[in-house]
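Everything below concerns the one structure shown next.
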Amino acid sequence: MSTTVLDQTAAAGHKPPKPHRETYLDAWTVKSWLLTTDHKRIGILYLISITVFFLIGGVAATTMRLELMTPKGDLLSSPDAYNRMFTLHGVAMIFFFLVPSIPATLGNFLLPLMIGARDLAFPIINLMSWYMYMIGGSIAIAIILFGGIDTGWTFYTPFSTMFSNTLVVPAAFAVFFAGFSSIFTGFNFIVTVHTMRAPGMTWFRLPLFIWAHYATSLIMILGTPVLAIAVMLIAVERLLRVGIFDPALGGDPILFQHLFWFYSHPAVYIMVLPGMGVISEIVPCFSRRPIFGYRFIAYSSIALAILGFIVWGHHLFVSGQSMYAGLVFSFLSFLVAVPSAIKVFNWTATMHKGAIRFDTPMLYAIGFIGLFTVGGLTGIMLSTLAVDVHLHDTYFVVAHFHYVMVGGAVLAYLGGLHFWWPKITGRMYPEMFGKLSALAVFIGFNFTFFPQFILGYLGMPRRYFEYAPEFQVLNVMSTAGASVLAFGYGLPLIYFLWSLRKPPSAPANPWQATGLEWQTESPPPTHNFEFTPKVEKAPYSYSPVAVEGFDGYGDHGSH
Amino acid sequence: MHHHVATIKTNLIIFGLLMLLLVATVGAAELPLGPLNFPVAMLIAATKTVLIIFYFMHLTGTDKLTKTIVGTMFLWLVLMILMIMMDYLSRDWLQILGK
């Protein structure tokens with residue numbers, strides 16, 4: 001490591017915590033958790049719940065990768081079982097892990113702390129949001145136990161309404177409840193940001209994490225009702241035979257795709273925008289430089305939220321949508337590259353000439369920037385009409401969205417979890433294992449998904465149980481990569497839990513970061529701050545002053 | 001935040017208007033308006049919605065921010081319908097060569 005640096009303005013937070021200080025973690029009865037209205041505790045409830053779904057989705061992914069080691073279908077009993085497996089993977093990962101991942105855990109925990117508030121605007125609705133999620137999640141688990149669903153996470157009609165004999169209607173209800181949990185979160189965030197900012201916390205002093213969550217919340221409240229209605233219409237058509245999507249009853253199957261993607265394309269931004277907010281916090285902190293182009297990054301979050309709503313038709317290029325609509329949606333899709341590129345360029349410019357430290361959160365952040373860029377650029381390829389005709393429904397699409405969703409959203413989530421773990425729990429994690437996990441995730445991820453770009457380009461269709469023998473080598477590479485990836489995911493799960501065995505000892509501000517959340521103790525008291533904080537300067541006022549002591553692990557000056 | 005609580009009289013007037021519009025919905029469905037049946041039905045439905053949002057959901061007495069958010073939601077609904085119709089109405093515009 002080259003230079004050890006310290007932002008002197010934040011050095012006051014480096015004292016060890018007082019012995020009997022009151023924290024939000026003091027009460028440990030079941031009631032104190034299940035009836036809590038504390039945004040921090042609800043964040044923890046969400047953290048535990050989404051981890052369960054991440055494991056469920058992960059087991060399904062592992063099963064699929066093992067099945068695809070050989071061209072013949074020899075692990076699962078039938079192609080139908082394989083269909084149920086990838087549907088389980090998609091539904092668990094999208095609706096029950098990725099959508100709530102950063103907003104409902106880190107967002108819930110940090111949003112009030114970052115703006116200097118005591119809680120969210122509607123604490124009871126915040127708790128209701130978790131219960132909604134749990135109702136949806138319980139239905140999803142019941143579906144798994146009682147036979148599963150085989151429509152894919154996209155529930156495309158007419159298969160889902162006319163042909164599938166699996167539990168489509170309960171799945172629609174599960175998604176409906178999960179959707180309402182994110183609507184509750186979204187509007188809680190919007191009202192909180194508008195009405196509960198600390199004195200001096202003007203809009204352009206808000207951390208970019210807050211801008212990203214504000215933009216995400218807009219998508220949640222504007223898009224999610226449409227998904228909820230679309231899946232309910234499937235239930236209505238299946239149960240009551242009302243003609244909405246079924247041509248035999250006077251409906252139109254493509255209408256479902258329009259309604260579904262009106263939410264589900266913006267939902268990509270629900271998943272990745274909060275991740276971008278996390279990266280905007282980590283990069284300046286570990287580069288010791290103010291963020292480059294603050295306003296551009298803030299506005300680009302809003303631009304992504306708006307543009308994300310008018311590009312959904314690129315999912316329908318080969319579905320029977322009109323050629324004219326295809327042209328318009330293709331052009332609009334190219335536009336999304338602009339705000340995405342603004343962010344990538346600005347993070348890179350922030351690192352330029354910075355005093356960079358490669359701690360675990362920064363390793364994850366750098367991984368995010370690279371992988372998200374690959375995911376974004378391949379998205380441009382897919383939004384080109386003629387190219388999409390060749391690549392549609394191939395593994396190229398699978399690789400593309402995993403680069404955005406895993407390389408982007410999951411890496412940001414893990415980076416954020418490492419960055420704020422000392423704040424959330426008051427414990428540090430073993431840095432060496434942290435770095436090992438970041439490297440394993442990065443290497444394992446690329447080994448898993450890069451071969452899938454080639455497979456897709458060569459013509460291997462997605463969602464197939466068996467495949468042509470010439471695709472086997474690349475599939476074996478992908479499966480081998482997945483095992484490295486699983487190792488990378490498993491490590492943090494173990495060492496985070498391991499870190500909880502000792503009493504809290506992390507300093508209030510181990511990274512010498514400038515945000516308000518670092519000005520209170522770790523873990524924070526129930527009411528967040530002992531005094532209402534007053535904000536008097538712009539965010540990210542980092543300066544690369546070389547002094548000893550930037551180290552949360554107690555080995556000062558060892559770098 | 002100031003809340004203007006609507007009087008019982010106002011609520012009754014709005015209720016009466018909604019009942020009239022309900023009759024109008026049924027009546028318009030019976031009239032042979034041809035292609036106009038659908039837009040007329042939608043217009044009546046939209047009027048009912050606006051009345052409910054402004055009076056029963058108290059939008060009249062709230063601040064600009066709430067009005068902006070609700071307005072945005074309407075705009076988004078219009079955007080969705082327009083862009084879906086862009087597909088349906090243009091299915092025959094650009095023919096595929098040779099077809």
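The way I read the labels, and the way they are meant: chains A, B, ... in the order of the structure tokens, residue 1 as the first residue of every chain, and ligand 1 as the first ligand shown, with later ones counted on from there.
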**Request:** Report as number ranges by chain the set of chain B residues whose atoms approach chain A to within 12 Å, with distances computed over only C-alpha atoms.
**Result:** B: 1, 65-66, 69-97
Create the file for the chosen residues now, containing N, CA and C atoms and written as an mmCIF file, in the first residue's frame.
data_model
loop_
_atom_site.group_PDB
_atom_site.id
_atom_site.type_symbol
_atom_site.label_atom_id
_atom_site.label_comp_id
_atom_site.auth_asym_id
_atom_site.auth_seq_id
_atom_site.Cartn_x
_atom_site.Cartn_y
_atom_site.Cartn_z
ATOM 1 N N MET B 1 -48.254 20.900 8.387
ATOM 2 C CA MET B 1 -48.988 20.706 7.122
ATOM 3 C C MET B 1 -50.481 21.011 7.346
ATOM 4 N N LEU B 65 -46.259 19.531 -3.417
ATOM 5 C CA LEU B 65 -45.455 18.326 -3.616
ATOM 6 C C LEU B 65 -46.341 17.100 -3.833
ATOM 7 N N THR B 66 -47.357 16.967 -2.957
ATOM 8 C CA THR B 66 -48.264 15.818 -3.086
ATOM 9 C C THR B 66 -48.982 15.874 -4.431
ATOM 10 N N ILE B 69 -46.649 14.754 -7.148
ATOM 11 C CA ILE B 69 -46.439 13.293 -7.171
ATOM 12 C C ILE B 69 -47.651 12.605 -7.805
ATOM 13 N N VAL B 70 -48.853 13.021 -7.389
ATOM 14 C CA VAL B 70 -50.057 12.395 -7.953
ATOM 15 C C VAL B 70 -50.148 12.694 -9.450
ATOM 16 N N GLY B 71 -49.804 13.941 -9.825
ATOM 17 C CA GLY B 71 -49.811 14.319 -11.241
ATOM 18 C C GLY B 71 -48.840 13.453 -12.039
ATOM 19 N N THR B 72 -47.659 13.204 -11.443
ATOM 20 C CA THR B 72 -46.664 12.371 -12.119
ATOM 21 C C THR B 72 -47.205 10.971 -12.350
ATOM 22 N N MET B 73 -47.932 10.470 -11.345
ATOM 23 C CA MET B 73 -48.482 9.122 -11.496
ATOM 24 C C MET B 73 -49.463 9.068 -12.668
ATOM 25 N N PHE B 74 -50.281 10.104 -12.790
ATOM 26 C CA PHE B 74 -51.209 10.153 -13.923
ATOM 27 C C PHE B 74 -50.443 10.192 -15.240
ATOM 28 N N LEU B 75 -49.400 11.030 -15.249
ATOM 29 C CA LEU B 75 -48.581 11.178 -16.444
ATOM 30 C C LEU B 75 -47.982 9.831 -16.843
ATOM 31 N N TRP B 76 -47.531 9.084 -15.839
ATOM 32 C CA TRP B 76 -46.915 7.781 -16.108
ATOM 33 C C TRP B 76 -47.923 6.797 -16.690
ATOM 34 N N LEU B 77 -49.157 6.874 -16.190
ATOM 35 C CA LEU B 77 -50.207 6.010 -16.715
ATOM 36 C C LEU B 77 -50.459 6.341 -18.184
ATOM 37 N N VAL B 78 -50.516 7.651 -18.476
ATOM 38 C CA VAL B 78 -50.729 8.098 -19.859
ATOM 39 C C VAL B 78 -49.566 7.622 -20.730
ATOM 40 N N LEU B 79 -48.337 7.777 -20.197
ATOM 41 C CA LEU B 79 -47.141 7.359 -20.931
ATOM 42 C C LEU B 79 -47.213 5.871 -21.281
ATOM 43 N N MET B 80 -47.608 5.078 -20.291
ATOM 44 C CA MET B 80 -47.681 3.635 -20.510
ATOM 45 C C MET B 80 -48.706 3.310 -21.597
ATOM 46 N N ILE B 81 -49.881 3.915 -21.475
ATOM 47 C CA ILE B 81 -50.934 3.605 -22.454
ATOM 48 C C ILE B 81 -50.511 4.067 -23.848
ATOM 49 N N LEU B 82 -49.939 5.284 -23.936
ATOM 50 C CA LEU B 82 -49.540 5.810 -25.251
ATOM 51 C C LEU B 82 -48.495 4.923 -25.902
ATOM 52 N N MET B 83 -47.497 4.495 -25.113
ATOM 53 C CA MET B 83 -46.419 3.717 -25.724
ATOM 54 C C MET B 83 -46.862 2.296 -26.066
ATOM 55 N N ILE B 84 -47.813 1.770 -25.308
ATOM 56 C CA ILE B 84 -48.356 0.457 -25.693
ATOM 57 C C ILE B 84 -49.166 0.616 -26.982
ATOM 58 N N MET B 85 -49.927 1.716 -27.063
ATOM 59 C CA MET B 85 -50.727 1.950 -28.273
ATOM 60 C C MET B 85 -49.835 2.208 -29.488
ATOM 61 N N MET B 86 -48.621 2.760 -29.224
ATOM 62 C CA MET B 86 -47.677 2.970 -30.333
ATOM 63 C C MET B 86 -47.418 1.640 -31.054
ATOM 64 N N ASP B 87 -47.341 0.575 -30.280
ATOM 65 C CA ASP B 87 -47.169 -0.745 -30.894
ATOM 66 C C ASP B 87 -48.434 -1.159 -31.644
ATOM 67 N N TYR B 88 -49.580 -1.116 -30.939
ATOM 68 C CA TYR B 88 -50.802 -1.664 -31.549
ATOM 69 C C TYR B 88 -51.232 -0.908 -32.805
ATOM 70 N N LEU B 89 -51.079 0.429 -32.772
ATOM 71 C CA LEU B 89 -51.566 1.225 -33.901
ATOM 72 C C LEU B 89 -50.622 1.197 -35.091
ATOM 73 N N SER B 90 -49.383 0.764 -34.884
ATOM 74 C CA SER B 90 -48.416 0.828 -35.987
ATOM 75 C C SER B 90 -48.058 -0.555 -36.515
ATOM 76 N N ARG B 91 -48.881 -1.554 -36.178
ATOM 77 C CA ARG B 91 -48.541 -2.920 -36.607
ATOM 78 C C ARG B 91 -48.433 -3.038 -38.135
ATOM 79 N N ASP B 92 -49.197 -2.214 -38.884
ATOM 80 C CA ASP B 92 -49.187 -2.339 -40.354
ATOM 81 C C ASP B 92 -48.356 -1.260 -41.039
ATOM 82 N N TRP B 93 -47.674 -0.434 -40.280
ATOM 83 C CA TRP B 93 -46.991 0.697 -40.913
ATOM 84 C C TRP B 93 -45.789 0.274 -41.740
ATOM 85 N N LEU B 94 -44.924 -0.499 -41.139
ATOM 86 C CA LEU B 94 -43.712 -0.903 -41.850
ATOM 87 C C LEU B 94 -43.824 -2.378 -42.181
ATOM 88 N N GLN B 95 -44.007 -2.661 -43.462
ATOM 89 C CA GLN B 95 -44.157 -4.055 -43.857
ATOM 90 C C GLN B 95 -42.792 -4.702 -44.015
ATOM 91 N N ILE B 96 -42.734 -5.982 -43.649
ATOM 92 C CA ILE B 96 -41.485 -6.709 -43.858
ATOM 93 C C ILE B 96 -41.408 -7.079 -45.332
ATOM 94 N N LEU B 97 -40.259 -6.820 -45.970
ATOM 95 C CA LEU B 97 -40.100 -7.074 -47.400
ATOM 96 C C LEU B 97 -40.379 -8.542 -47.718
#
**Request:** Extract, using only C-alpha atoms, all DNA, RNA and protein residues at most 12 Å from B:Tyr55, discarding same-chain residues fewer than 3 positions from it, and format them as a list in words.
**Result:** His3, His4, Val5, Ala6, Thr7, Ile8, Lys9, Thr10, Asn11, Leu12, Ile13, Ile14, Phe15, Leu17, Leu18, Lys48, Thr49, Val50, Leu51, Ile52, His58, Leu59, Thr60, Gly61 and Thr62 of chain B
**Residue neighbourhood A:Trp347, 9 Å, only C-alpha atoms, exclusion window fewer than 4 positions, as a list in words** =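 The neighbour list is Ile279, Ser280, Val283, Pro284, Ile291, Phe292, Gly293, Ile342, Lys343, Met351, His352 and Ile369 of chain A.
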Keeping only C-alpha atoms, write the selected residues to a file as a CSV table (one decimal), in the first residue's frame.
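The file below, out_23.csv, is the result:
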chain,number,residue,atom,x,y,z
A,279,ILE,CA,-20.3,2.8,-5.2
A,280,SER,CA,-20.6,6.6,-5.1
A,283,VAL,CA,-15.0,5.3,-4.3
A,284,PRO,CA,-14.4,8.8,-2.9
A,291,ILE,CA,-16.4,12.8,-5.9
A,292,PHE,CA,-16.0,14.1,-9.4
A,293,GLY,CA,-19.1,15.7,-11.0
A,342,ILE,CA,-21.7,9.5,-16.8
A,343,LYS,CA,-21.5,7.6,-13.6
A,351,MET,CA,-10.0,7.7,-8.6
A,352,HIS,CA,-7.7,9.5,-10.9
A,369,ILE,CA,-17.3,-0.6,-12.2
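Excluding A:Leu127 itself and any same-chain residue fewer than 4 positions from it, the protein and nucleic acid residues within 9 Å of it, counting only C-alpha atoms, are Leu34, Leu35, Thr36, Thr37, Asp38, His39, Ile42, Phe122, Pro123, Tyr131 and Met132 of chain A.
Counting only C-alpha atoms, the residue from A:Val99, A:Gly251, A:Tyr299, A:Phe396 that sits nearest to A:Ile270 is A:Val99.
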**Request:** Pull the helix (DSSP H, G or I) assignments for chain B out of DSSP run on the backbone, and list those residues as a VMD selection string.
**Result:** chain B and resid 8 to 30 34 to 56 64 to 89
Limited to C-alpha atoms, could you put the picked residues into a file as a compact mmCIF listing (two decimals), in the first residue's frame?
# COMPACT_ATOMS: atom_id res chain seq x y z
CA ILE B 8 -70.36 16.66 4.87
CA LYS B 9 -72.16 18.79 2.30
CA THR B 10 -69.21 18.71 -0.11
CA ASN B 11 -68.85 14.96 0.34
CA LEU B 12 -72.55 14.45 -0.37
CA ILE B 13 -72.36 16.58 -3.52
CA ILE B 14 -69.39 14.58 -4.79
CA PHE B 15 -71.19 11.35 -3.92
CA GLY B 16 -74.22 12.56 -5.90
CA LEU B 17 -72.01 13.44 -8.88
CA LEU B 18 -70.40 10.01 -8.75
CA MET B 19 -73.84 8.36 -8.78
CA LEU B 20 -74.81 10.46 -11.79
CA LEU B 21 -71.62 9.44 -13.56
CA LEU B 22 -72.39 5.80 -12.73
CA VAL B 23 -75.72 6.19 -14.47
CA ALA B 24 -73.88 7.88 -17.36
CA THR B 25 -71.51 4.88 -17.63
CA VAL B 26 -74.41 2.44 -17.91
CA GLY B 27 -76.29 4.75 -20.27
CA ALA B 28 -73.29 5.32 -22.56
CA ALA B 29 -72.72 1.58 -22.78
CA GLU B 30 -76.27 1.16 -24.12
CA GLY B 34 -69.62 2.67 -32.47
CA PRO B 35 -65.90 3.34 -32.02
CA LEU B 36 -66.71 6.23 -29.67
CA ASN B 37 -68.09 3.92 -26.97
CA PHE B 38 -64.67 3.19 -25.54
CA PRO B 39 -63.34 6.78 -25.35
CA VAL B 40 -66.63 7.98 -23.85
CA ALA B 41 -66.50 5.25 -21.19
CA MET B 42 -62.88 6.13 -20.42
CA LEU B 43 -63.71 9.84 -20.16
CA ILE B 44 -66.47 9.16 -17.64
CA ALA B 45 -64.20 6.81 -15.67
CA ALA B 46 -61.41 9.39 -15.61
CA THR B 47 -63.80 12.06 -14.35
CA LYS B 48 -64.91 9.76 -11.52
CA THR B 49 -61.28 9.05 -10.62
CA VAL B 50 -60.39 12.74 -10.52
CA LEU B 51 -63.37 13.49 -8.25
CA ILE B 52 -62.41 10.68 -5.88
CA ILE B 53 -58.73 11.68 -5.74
CA PHE B 54 -59.39 15.38 -5.25
CA TYR B 55 -62.20 15.14 -2.70
CA PHE B 56 -62.36 11.73 -1.03
CA LYS B 64 -47.82 21.26 -4.13
CA LEU B 65 -45.45 18.33 -3.62
CA THR B 66 -48.26 15.82 -3.09
CA LYS B 67 -50.10 17.24 -6.10
CA THR B 68 -46.93 16.92 -8.18
CA ILE B 69 -46.44 13.29 -7.17
CA VAL B 70 -50.06 12.39 -7.95
CA GLY B 71 -49.81 14.32 -11.24
CA THR B 72 -46.66 12.37 -12.12
CA MET B 73 -48.48 9.12 -11.50
CA PHE B 74 -51.21 10.15 -13.92
CA LEU B 75 -48.58 11.18 -16.44
CA TRP B 76 -46.91 7.78 -16.11
CA LEU B 77 -50.21 6.01 -16.72
CA VAL B 78 -50.73 8.10 -19.86
CA LEU B 79 -47.14 7.36 -20.93
CA MET B 80 -47.68 3.64 -20.51
CA ILE B 81 -50.93 3.61 -22.45
CA LEU B 82 -49.54 5.81 -25.25
CA MET B 83 -46.42 3.72 -25.72
CA ILE B 84 -48.36 0.46 -25.69
CA MET B 85 -50.73 1.95 -28.27
CA MET B 86 -47.68 2.97 -30.33
CA ASP B 87 -47.17 -0.74 -30.89
CA TYR B 88 -50.80 -1.66 -31.55
CA LEU B 89 -51.57 1.23 -33.90
**Distance query A:Tyr540 at most 10 Å, only C-alpha atoms, self and fewer than 3 positions along chain excluded, as a PyMOL selection string** = chain A and resi 205+207-208+280-281+284-285+288-292+294+513-515+537+543
**Message:** Please report the interatomic distance between atom CA of A:Ala506 and atom CA of A:Glu521 in Å with one decimal.
**Reply:**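 Between atom CA of A:Ala506 and atom CA of A:Glu521 the gap works out to 9.1 Å.
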Listing only residues of stretch 36-116 of chain A within 12 Å of stretch 455-479 of chain A, what is the closest atom pair and its distance in Å (to one decimal) for each, using only C-alpha atoms, sorted by chain and residue number ascending, as a tab-separated table?
residue	atom	partner	partner_atom	distance
A:Ala61	CA	A:Thr479	CA	9.9
A:Thr62	CA	A:Thr479	CA	8.2
A:Thr63	CA	A:Thr479	CA	10.0
A:Met64	CA	A:Phe465	CA	8.8
A:Arg65	CA	A:Thr479	CA	5.2
A:Leu66	CA	A:Thr479	CA	6.6
A:Glu67	CA	A:Phe465	CA	7.9
A:Leu68	CA	A:Asn475	CA	6.5
A:Met69	CA	A:Val476	CA	5.1
A:Thr70	CA	A:Gln472	CA	6.3
A:Pro71	CA	A:Tyr467	CA	5.0
A:Lys72	CA	A:Glu466	CA	5.2
A:Gly73	CA	A:Glu466	CA	5.4
A:Asp74	CA	A:Glu466	CA	9.0
A:Leu75	CA	A:Phe465	CA	10.1
A:Leu76	CA	A:Phe465	CA	9.0
A:Ser77	CA	A:Phe465	CA	10.5
A:Ser78	CA	A:Phe465	CA	8.3
A:Pro79	CA	A:Phe465	CA	5.5
A:Asp80	CA	A:Phe465	CA	8.7
A:Ala81	CA	A:Phe465	CA	9.2
A:Tyr82	CA	A:Phe465	CA	6.2
A:Asn83	CA	A:Arg463	CA	7.2
A:Arg84	CA	A:Arg463	CA	10.5
A:Met85	CA	A:Arg463	CA	10.1
A:Phe86	CA	A:Arg463	CA	7.4
A:Thr87	CA	A:Arg463	CA	9.5
A:His89	CA	A:Arg463	CA	11.8
A:Gly90	CA	A:Arg463	CA	11.4
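In this model, the gap between atom CA of A:Thr195 and atom CA of A:Gly179 comes to 24.6 Å.
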**Message:** Using Å and a single decimal, report how far atom CA of A:Ile282 sits from atom CA of A:Trp420.
**Reply:** 10.0 Å
**Fill in**
Shortest contact to A:Pro100, candidates A:His213, A:Lys502, A:His400, A:Arg21, atoms counted only C-alpha atoms, goes to A:His213
